[in-house]
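Source file: my_file_33.cif; contents: mmCIF, C-alpha atoms.
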data_model
#
loop_
_atom_site.label_atom_id
_atom_site.label_comp_id
_atom_site.auth_asym_id
_atom_site.auth_seq_id
_atom_site.Cartn_x
_atom_site.Cartn_y
_atom_site.Cartn_z
CA MET A 1 -29.19 59.42 113.48
CA SER A 2 -29.45 61.12 110.13
CA ASN A 3 -28.47 59.48 106.88
CA ALA A 4 -25.06 60.36 105.59
CA GLU A 5 -25.60 62.21 102.35
CA PRO A 6 -23.03 62.38 99.58
CA PRO A 7 -21.58 65.87 99.10
CA PRO A 8 -23.40 67.97 96.48
CA PRO A 9 -21.69 68.19 93.08
CA SER A 10 -20.73 71.85 93.55
CA ALA A 11 -19.37 71.49 97.07
CA PRO A 12 -18.35 74.77 98.71
CA PRO A 13 -14.65 75.31 99.47
CA PRO A 14 -13.37 73.77 102.70
CA ARG A 15 -14.34 75.83 105.72
CA ARG A 16 -12.48 76.69 108.83
CA ARG A 17 -13.56 74.74 111.84
CA LEU A 18 -15.37 76.77 114.48
CA VAL A 19 -13.04 75.67 117.24
CA ASP A 20 -9.45 75.52 116.13
CA GLY A 21 -6.00 76.68 117.12
CA SER A 22 -6.82 80.31 116.38
CA LEU A 23 -9.76 80.32 118.81
CA LEU A 24 -7.70 78.69 121.56
CA PHE A 25 -4.95 81.21 120.89
CA LEU A 26 -7.45 84.08 121.15
CA ILE A 27 -8.80 82.76 124.45
CA ALA A 28 -5.26 82.51 125.80
CA PHE A 29 -4.37 85.96 124.44
CA ALA A 30 -7.45 87.64 125.94
CA THR A 31 -7.00 85.90 129.30
CA ALA A 32 -3.29 86.65 129.52
CA SER A 33 -3.66 90.32 128.58
CA ALA A 34 -6.60 90.73 130.99
CA ILE A 35 -4.58 89.23 133.85
CA GLY A 36 -1.56 91.30 132.81
CA CYS A 37 -3.66 94.48 132.80
CA TYR A 38 -5.13 93.67 136.24
CA LEU A 39 -1.77 92.91 137.79
CA ALA A 40 0.24 95.71 136.18
CA LYS A 41 -2.29 98.55 136.16
CA GLY A 42 -4.61 97.68 139.04
CA PRO A 43 -8.34 96.97 139.32
CA ASP A 44 -9.46 100.49 138.33
CA ALA A 45 -7.60 100.46 135.01
CA PHE A 46 -8.86 96.92 134.42
CA VAL A 47 -12.50 97.93 134.90
CA GLN A 48 -11.99 101.02 132.73
CA ALA A 49 -10.44 98.94 129.91
CA LEU A 50 -13.19 96.34 130.19
CA HIS A 51 -15.81 99.07 130.01
CA ASP A 52 -14.15 100.61 126.93
CA GLU A 53 -13.89 97.27 125.16
CA VAL A 54 -17.49 96.25 125.81
CA GLY A 55 -18.57 99.67 124.52
CA LEU A 56 -16.46 99.21 121.39
CA VAL A 57 -17.83 95.72 120.73
CA LEU A 58 -21.39 97.04 121.03
CA ARG A 59 -20.59 99.99 118.74
CA VAL A 60 -19.15 97.87 115.95
CA LEU A 61 -21.81 95.16 116.30
CA PRO A 62 -24.25 96.61 113.72
CA VAL A 63 -21.45 97.10 111.19
CA VAL A 64 -19.94 93.68 111.79
CA THR A 65 -23.31 91.94 111.50
CA GLY A 66 -23.95 93.62 108.14
CA ALA A 67 -20.36 92.96 107.04
CA VAL A 68 -20.53 89.25 107.81
CA LEU A 69 -23.82 88.86 105.92
CA LEU A 70 -22.46 90.89 102.99
CA ALA A 71 -19.27 88.82 102.82
CA ALA A 72 -21.35 85.63 102.70
CA CYS A 73 -23.55 87.01 99.89
CA LEU A 74 -20.54 88.22 97.90
CA GLN A 75 -18.82 84.87 98.21
CA VAL A 76 -21.80 83.26 96.50
CA LEU A 77 -22.49 86.03 93.97
CA LEU A 78 -19.04 87.03 92.71
CA PRO A 79 -17.90 85.38 89.46
CA ILE A 80 -14.72 83.85 90.88
CA ASP A 81 -14.81 80.78 88.64
CA ALA A 82 -15.21 82.87 85.48
CA VAL A 83 -12.17 85.00 86.35
CA LYS A 84 -10.17 81.88 87.21
CA ARG A 85 -10.97 80.28 83.84
CA GLN A 86 -9.84 83.41 82.00
CA LEU A 87 -6.58 83.65 83.89
CA GLY A 88 -5.01 80.48 82.54
CA GLN A 89 -5.27 81.77 78.98
CA ASP A 90 -4.09 85.32 79.39
CA SER A 91 -0.71 86.72 80.21
CA GLY A 92 0.81 90.17 80.03
CA TRP A 93 -1.19 93.15 81.18
CA ARG A 94 -4.55 91.48 80.90
CA GLY A 95 -3.31 88.50 82.90
CA LEU A 96 -1.93 90.80 85.58
CA LEU A 97 -5.17 92.71 85.89
CA LEU A 98 -7.21 89.51 85.97
CA ALA A 99 -4.91 88.04 88.62
CA THR A 100 -5.24 91.20 90.71
CA THR A 101 -9.02 91.08 90.35
CA LEU A 102 -9.12 87.41 91.33
CA GLY A 103 -7.00 88.07 94.42
CA LEU A 104 -9.33 90.88 95.41
CA LEU A 105 -12.42 88.65 95.14
CA VAL A 106 -11.19 85.38 96.63
CA PRO A 107 -12.53 85.02 100.15
CA GLY A 108 -10.89 83.24 103.01
CA GLY A 109 -7.47 82.78 104.52
CA PRO A 110 -4.32 81.13 103.17
CA MET A 111 -6.07 77.78 103.45
CA ALA A 112 -8.32 78.75 100.56
CA SER A 113 -6.02 80.99 98.55
CA PHE A 114 -2.82 78.93 98.35
CA PRO A 115 -4.47 75.84 96.85
CA LEU A 116 -6.30 78.17 94.45
CA MET A 117 -3.03 79.79 93.50
CA LEU A 118 -1.48 76.39 92.77
CA ALA A 119 -4.51 75.58 90.61
CA VAL A 120 -4.20 78.89 88.74
CA MET A 121 -0.48 78.33 88.17
CA GLY A 122 -1.22 74.80 87.03
CA ALA A 123 -3.67 76.28 84.55
CA GLY A 124 -0.79 78.18 82.95
CA ALA A 125 -0.64 81.53 84.72
CA ASP A 126 2.91 82.91 84.66
CA VAL A 127 5.13 84.12 87.51
CA ALA A 128 4.00 87.73 87.28
CA ALA A 129 0.31 86.81 87.38
CA SER A 130 0.85 84.39 90.28
CA VAL A 131 2.67 87.03 92.34
CA ALA A 132 0.05 89.64 91.46
CA PHE A 133 -2.65 87.24 92.65
CA LEU A 134 -0.91 86.47 95.93
CA THR A 135 -0.15 90.13 96.68
CA SER A 136 -3.61 91.29 95.68
CA TRP A 137 -5.21 88.65 97.90
CA SER A 138 -2.94 89.78 100.75
CA VAL A 139 -3.35 93.55 100.56
CA LEU A 140 -6.61 94.16 98.68
CA GLY A 141 -8.75 91.14 99.68
CA LEU A 142 -12.29 92.53 99.88
CA GLN A 143 -13.52 90.03 102.43
CA ARG A 144 -10.92 91.15 104.96
CA VAL A 145 -11.70 94.81 104.22
CA ILE A 146 -15.43 94.27 104.70
CA VAL A 147 -15.36 91.96 107.70
CA TRP A 148 -12.44 93.35 109.70
CA GLU A 149 -11.14 96.65 108.44
CA ILE A 150 -14.27 98.77 107.93
CA PRO A 151 -15.95 97.75 111.20
CA LEU A 152 -12.81 98.24 113.29
CA MET A 153 -10.91 101.02 111.55
CA GLY A 154 -13.70 102.90 109.81
CA GLY A 155 -14.46 103.53 106.16
CA ASP A 156 -12.06 106.47 105.74
CA PHE A 157 -9.03 104.52 106.89
CA ALA A 158 -10.03 101.49 104.81
CA LEU A 159 -10.38 103.68 101.70
CA VAL A 160 -6.98 105.37 102.16
CA ARG A 161 -5.27 102.02 102.75
CA PHE A 162 -7.04 100.41 99.79
CA LEU A 163 -6.05 103.22 97.40
CA ALA A 164 -2.48 103.26 98.71
CA SER A 165 -2.32 99.48 98.14
CA LEU A 166 -3.78 99.38 94.62
CA PRO A 167 -0.40 99.56 92.79
CA LEU A 168 1.27 96.99 95.04
CA PRO A 169 0.36 93.80 93.10
CA LEU A 170 1.90 95.22 89.90
CA VAL A 171 5.01 96.45 91.73
CA THR A 172 5.67 93.02 93.29
CA ALA A 173 4.86 91.17 90.07
CA TYR A 174 7.44 93.13 88.07
CA GLY A 175 9.90 93.13 90.97
CA THR A 176 9.74 89.35 91.30
CA VAL A 177 10.17 88.77 87.57
CA TRP A 178 13.14 91.15 87.53
CA LEU A 179 14.74 89.45 90.54
CA LEU A 180 14.25 85.94 89.11
CA ARG A 181 15.87 87.04 85.86
CA HIS A 182 18.84 88.52 87.72
CA LEU A 183 19.16 85.54 90.03
CA GLY A 184 19.83 83.59 86.85
CA ALA A 185 16.46 81.91 86.42
CA ARG A 186 16.30 79.47 83.56
CA LYS A 187 12.67 78.58 83.90
CA GLY A 188 10.03 81.24 84.07
CA ARG A 189 7.68 79.12 86.12
CA PRO A 190 7.63 78.43 89.81
CA MET B 1 -18.71 104.57 111.12
CA ILE B 2 -22.32 105.48 110.34
CA LEU B 3 -21.41 106.00 106.68
CA ALA B 4 -19.63 102.64 106.57
CA ALA B 5 -22.64 100.94 108.18
CA THR B 6 -25.01 102.58 105.69
CA ILE B 7 -22.93 101.49 102.68
CA ILE B 8 -22.59 97.94 103.98
CA TRP B 9 -26.29 97.55 104.71
CA LEU B 10 -27.28 99.09 101.34
CA ALA B 11 -24.90 96.71 99.53
CA LEU B 12 -26.39 93.88 101.56
CA VAL B 13 -29.91 94.80 100.48
CA VAL B 14 -28.82 94.74 96.82
CA CYS B 15 -27.14 91.35 97.29
CA VAL B 16 -30.14 89.86 99.07
CA TRP B 17 -32.39 91.11 96.26
CA LEU B 18 -30.09 89.46 93.66
CA LEU B 19 -30.08 86.21 95.63
CA TRP B 20 -33.85 86.36 96.07
CA ARG B 21 -34.34 86.57 92.31
CA GLY B 22 -31.67 83.98 91.50
CA PRO B 23 -31.74 80.19 91.83
CA PRO B 24 -32.84 78.96 95.30
CA ALA B 25 -29.79 76.69 95.62
CA ARG B 26 -27.55 79.74 95.44
CA ALA B 27 -29.60 81.57 98.06
CA ASN B 28 -29.44 78.53 100.35
CA ARG B 29 -25.67 78.42 99.97
CA ALA B 30 -25.50 82.10 100.93
CA VAL B 31 -27.62 81.54 104.06
CA GLU B 32 -25.47 78.58 105.06
CA THR B 33 -22.26 80.55 104.53
CA ALA B 34 -23.67 83.50 106.49
CA CYS B 35 -24.54 81.28 109.47
CA HIS B 36 -21.07 79.78 109.45
CA TYR B 37 -19.34 83.18 109.19
CA GLY B 38 -21.62 84.62 111.85
CA LEU B 39 -20.83 81.91 114.36
CA PHE B 40 -17.14 82.00 113.46
CA MET B 41 -16.95 85.75 114.07
CA ALA B 42 -19.24 85.77 117.12
CA LEU B 43 -16.77 83.47 118.86
CA ARG B 44 -13.68 85.41 117.81
CA LEU B 45 -14.38 89.11 117.49
CA PRO B 46 -15.24 89.87 121.16
CA LEU B 47 -12.20 87.87 122.33
CA ALA B 48 -9.92 89.61 119.83
CA MET B 49 -11.14 93.08 120.78
CA MET B 50 -10.91 92.37 124.50
CA GLY B 51 -7.41 90.94 124.12
CA ALA B 52 -6.20 93.86 122.00
CA GLY B 53 -7.77 96.38 124.37
CA PHE B 54 -6.14 94.89 127.47
CA ALA B 55 -2.83 94.42 125.65
CA ALA B 56 -2.90 98.09 124.61
CA THR B 57 -2.99 99.16 128.27
CA LEU B 58 0.26 97.24 128.76
CA LEU B 59 2.13 98.86 125.85
CA PRO B 60 4.21 101.92 126.67
CA GLU B 61 1.90 104.55 125.20
CA ARG B 62 4.37 107.42 125.28
CA LEU B 63 7.06 105.44 123.45
CA VAL B 64 4.60 104.13 120.85
CA GLY B 65 3.34 107.64 120.16
CA GLU B 66 6.86 108.99 119.90
CA PHE B 67 8.25 106.37 117.54
CA LEU B 68 5.15 105.62 115.45
CA GLY B 69 3.03 108.77 115.76
CA GLY B 70 1.88 110.90 112.85
CA GLU B 71 5.01 113.05 113.27
CA SER B 72 7.41 110.11 113.11
CA GLY B 73 7.52 110.20 109.28
CA TRP B 74 9.80 107.79 107.45
CA SER B 75 11.42 106.31 110.53
CA GLY B 76 7.95 105.51 111.90
CA ILE B 77 6.91 103.96 108.58
CA LEU B 78 10.03 101.78 108.48
CA LEU B 79 9.64 100.71 112.11
CA ALA B 80 5.94 99.90 111.55
CA SER B 81 6.93 97.84 108.48
CA LEU B 82 9.39 95.84 110.55
CA ILE B 83 6.93 95.18 113.37
CA GLY B 84 4.13 94.25 110.94
CA GLY B 85 6.21 91.48 109.39
CA LEU B 86 6.73 89.90 112.78
CA VAL B 87 3.09 89.78 113.96
CA PRO B 88 2.31 86.05 113.83
CA SER B 89 -1.44 85.91 113.42
CA GLY B 90 -4.51 86.21 111.27
CA PRO B 91 -6.73 89.27 110.81
CA MET B 92 -8.51 88.51 114.09
CA ILE B 93 -5.46 89.74 116.00
CA SER B 94 -3.85 92.16 113.59
CA PHE B 95 -6.89 94.39 113.04
CA PRO B 96 -7.78 94.81 116.74
CA LEU B 97 -4.08 95.43 117.34
CA THR B 98 -4.08 98.09 114.61
CA LEU B 99 -7.07 99.70 116.30
CA ALA B 100 -5.24 99.70 119.63
CA LEU B 101 -2.22 101.31 117.94
CA ALA B 102 -4.46 103.93 116.30
CA LYS B 103 -5.92 104.79 119.70
CA MET B 104 -2.41 105.30 121.03
CA GLY B 105 -1.76 107.95 118.40
CA VAL B 106 0.03 105.97 115.69
CA GLY B 107 -0.26 107.86 112.38
CA VAL B 108 -2.28 106.67 109.37
CA PRO B 109 0.75 106.13 107.05
CA GLN B 110 2.43 104.12 109.81
CA LEU B 111 -0.72 102.03 110.32
CA VAL B 112 -0.98 101.38 106.58
CA ALA B 113 2.67 100.29 106.45
CA PHE B 114 2.08 98.05 109.45
CA LEU B 115 -0.91 96.31 107.85
CA THR B 116 0.84 95.93 104.49
CA ALA B 117 3.87 94.40 106.18
CA TRP B 118 1.67 92.06 108.17
CA SER B 119 -0.07 90.92 104.97
CA VAL B 120 2.87 90.52 102.57
CA LEU B 121 5.90 89.94 104.79
CA SER B 122 4.41 87.75 107.52
CA VAL B 123 7.22 85.39 108.52
CA HIS B 124 4.64 83.07 110.01
CA ARG B 125 2.78 82.64 106.71
CA LEU B 126 6.06 82.28 104.82
CA ILE B 127 6.99 79.28 106.95
CA THR B 128 3.53 77.72 107.14
CA TRP B 129 2.38 78.11 103.54
CA GLU B 130 4.84 79.43 101.03
CA LEU B 131 7.95 77.42 101.75
CA PRO B 132 6.17 74.05 101.81
CA LEU B 133 3.92 74.71 98.81
CA LEU B 134 5.86 76.89 96.40
CA GLU B 135 9.30 76.72 94.86
CA LEU B 136 12.07 78.15 97.05
CA ARG B 137 13.53 80.53 94.42
CA PHE B 138 10.08 81.87 93.61
CA THR B 139 9.34 82.40 97.29
CA ILE B 140 12.63 84.20 97.93
CA ALA B 141 12.15 86.45 94.90
CA ARG B 142 8.56 87.24 95.90
CA TYR B 143 9.54 88.01 99.46
CA ALA B 144 12.47 90.20 98.39
CA ALA B 145 10.31 92.08 95.89
CA SER B 146 7.71 92.61 98.61
CA LEU B 147 10.16 94.29 101.00
CA VAL B 148 9.49 97.67 99.37
CA LEU B 149 5.70 97.38 99.63
CA PRO B 150 5.11 98.47 103.25
CA PRO B 151 7.14 101.70 102.99
CA LEU B 152 5.66 102.33 99.54
CA SER B 153 2.06 101.95 100.75
CA GLY B 154 2.84 104.09 103.81
CA ALA B 155 4.25 106.83 101.59
CA LEU B 156 1.26 106.65 99.23
CA ALA B 157 -1.10 106.85 102.21
CA ALA B 158 0.79 109.93 103.44
CA LEU B 159 0.39 111.49 99.98
CA LEU B 160 -3.32 110.64 99.93
CA ILE B 161 -4.07 112.22 103.29
CA GLY B 162 -1.76 115.12 102.48
CA SER B 163 0.61 114.76 105.42
CA VAL B 164 3.96 114.41 103.69
#
Have the structure of the file written as structure tokens, please.
Amino acid sequence: MSNAEPPPPSAPPPRRRLVDGSLLFLIAFATASAIGCYLAKGPDAFVQALHDEVGLVLRVLPVVTGAVLLAACLQVLLPIDAVKRQLGQDSGWRGLLLATTLGLLVPGGPMASFPLMLAVMGAGADVAASVAFLTSWSVLGLQRVIVWEIPLMGGDFALVRFLASLPLPLVTAYGTVWLLRHLGARKGRP
Amino acid sequence: MILAATIIWLALVVCVWLLWRGPPARANRAVETACHYGLFMALRLPLAMMGAGFAATLLPERLVGEFLGGESGWSGILLASLIGGLVPSGPMISFPLTLALAKMGVGVPQLVAFLTAWSVLSVHRLITWELPLLELRFTIARYAASLVLPPLSGALAALLIGSV
């Protein structure tokens, strides 16, 4: 048995467990669709689909391997804390741009980003910046682009979608502020 | 795909060089994170791609192409936006599903609208994360303001690829 060590002072953010609901769901999804394909389309179509999928997995393997390593390096190298510190103090245009940048850099799923968003809002970011952060994390998040989108959809598609999504955080930020004002908001903070 | 692979591996080389020259603790953290990500993805990606591939054989290809194809224009973008908001899953399902849709002839603007809707309008995330954690009025306003995003991104994508 190894000694239980106390966590290091700069503990990394909580990680997703390797086996969780999403993995079980994926196993069920793959099994069900494979059985469905076999029953509905016959053995030949099943073998053909299996062949195609194995080929695709092998083709994206070099890209995915690089992407996963790159995402891990970026998570350690990117100055997320510095941007976060700035955000609490700035509002207006600068705050919006900082919030969008932070959303773009923050890795991980909702498990990581929602607590971070609460922390950022607690640090004094306003409604517009909070919405810009959430939207930017949703549509521009680099980790998702690198790990999933480029390997599966290709660089061209990822670039078009990224460019088409660049204005979205600002649009939602202003839209939300406008709506809250017209819904009769008294407080400007969520 | 080759271009994407080249860019990713070049960026990786730069990152590894930066980590190599930086503090060892940081490099160790990167290695640890990479192992975790690698294992996480190795378990999920093949399953996700298999599942999406088999599921795609079950979808009515002709109907999908007709209603969501490159020629479907605004109605395809709106339909893709609606479907995207209903997909209850993380990226490990939605991206393989997008790939399956692309193979069936769904147009780029429609795919972009689908992915935007999945990421900003996901009903599943609204219920799991936003409603419990954030104020109700804020959540409603954010969701309402986000309704325009999928069609908007689809239209911008159509402009970008010049297929208006």
*Which residue out of B:Ala100, B:Val14, B:Val106, B:Met50 has the minimum interatomic distance to chain A when only C-alpha atoms are used?*
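Comparing B:Ala100, B:Val14, B:Val106, B:Met50 against chain A, the winner is B:Met50.
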_Let me make sure I understand: among A:Gln86, A:Ser138, A:Gln143, A:Ser113, which one has the smallest atom-to-atom distance to chain B if we use only C-alpha atoms?_
A:Ser138
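Picked out by the PyMOL selection byres ((chain A) within 6 of (chain B)) when it runs on this file: Leu18, Phe29, Ala30, Ser33, Ala34, Cys37, Glu53, Val63, Gly66, Leu69, Leu70, Ala72, Cys73, Val76, Ser138, Gly154, Gly155, Arg161, Ala164, Ser165, Thr172, Gly175, Thr176, Leu179 and Pro190 of chain A.
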_One number please: CA of Leu105 in chain A to CA of Trp137 in chain A, in Å, one decimal._
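Interatomic distance here is 7.7 Å.
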*Can you work out the spacing between CA of Val64 in chain A and CA of Trp148 in chain A in Å, to one decimal?*
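These atoms are spaced 7.8 Å apart.
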*Could you jot down the CA of Gly107 in chain B to CA of Phe25 in chain A separation for me, Å, one decimal place?*
28.4 Å
Long-range neighbours of Gly65 in chain B as a PDB file with C-alpha atoms, keeping the file's coordinate frame, 12 Å cut-off, all atoms listed in the file, 2 positions minimum in chain:
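That gives us around-v9.pdb:
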ATOM      1  CA  LEU B  59       2.130  98.860 125.850  1.00  0.00           C
ATOM      2  CA  PRO B  60       4.210 101.920 126.670  1.00  0.00           C
ATOM      3  CA  GLU B  61       1.900 104.550 125.200  1.00  0.00           C
ATOM      4  CA  ARG B  62       4.370 107.420 125.280  1.00  0.00           C
ATOM      5  CA  LEU B  63       7.060 105.440 123.450  1.00  0.00           C
ATOM      6  CA  PHE B  67       8.250 106.370 117.540  1.00  0.00           C
ATOM      7  CA  LEU B  68       5.150 105.620 115.450  1.00  0.00           C
ATOM      8  CA  GLY B  69       3.030 108.770 115.760  1.00  0.00           C
ATOM      9  CA  GLY B  70       1.880 110.900 112.850  1.00  0.00           C
ATOM     10  CA  GLU B  71       5.010 113.050 113.270  1.00  0.00           C
ATOM     11  CA  SER B  72       7.410 110.110 113.110  1.00  0.00           C
ATOM     12  CA  GLY B  73       7.520 110.200 109.280  1.00  0.00           C
ATOM     13  CA  GLY B  76       7.950 105.510 111.900  1.00  0.00           C
ATOM     14  CA  ALA B  80       5.940  99.900 111.550  1.00  0.00           C
ATOM     15  CA  ALA B 100      -5.240  99.700 119.630  1.00  0.00           C
ATOM     16  CA  LEU B 101      -2.220 101.310 117.940  1.00  0.00           C
ATOM     17  CA  ALA B 102      -4.460 103.930 116.300  1.00  0.00           C
ATOM     18  CA  LYS B 103      -5.920 104.790 119.700  1.00  0.00           C
ATOM     19  CA  MET B 104      -2.410 105.300 121.030  1.00  0.00           C
ATOM     20  CA  GLY B 105      -1.760 107.950 118.400  1.00  0.00           C
ATOM     21  CA  VAL B 106       0.030 105.970 115.690  1.00  0.00           C
ATOM     22  CA  GLY B 107      -0.260 107.860 112.380  1.00  0.00           C
ATOM     23  CA  GLN B 110       2.430 104.120 109.810  1.00  0.00           C
TER      24      GLN B 110
END
*Give the answer as one residue: which of A:Ala99, A:Val106, A:Leu61, A:Ala158 has the shortest atom-to-atom distance to Leu78 in chain A, using all atoms listed in the file?*
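Closest residue, counting all atoms listed in the file: A:Val106.
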*Please return, as a list in words, all polymer residues that have at least one atom within 7 Å of the point (5.7, 84.8, 111.3); use all atoms listed in the file and the file's own coordinate frame.*
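So the residues meeting the distance criterion are Gly85, Leu86, Val87, Pro88, Ser122, Val123, His124, Arg125 and Leu126 of chain B.
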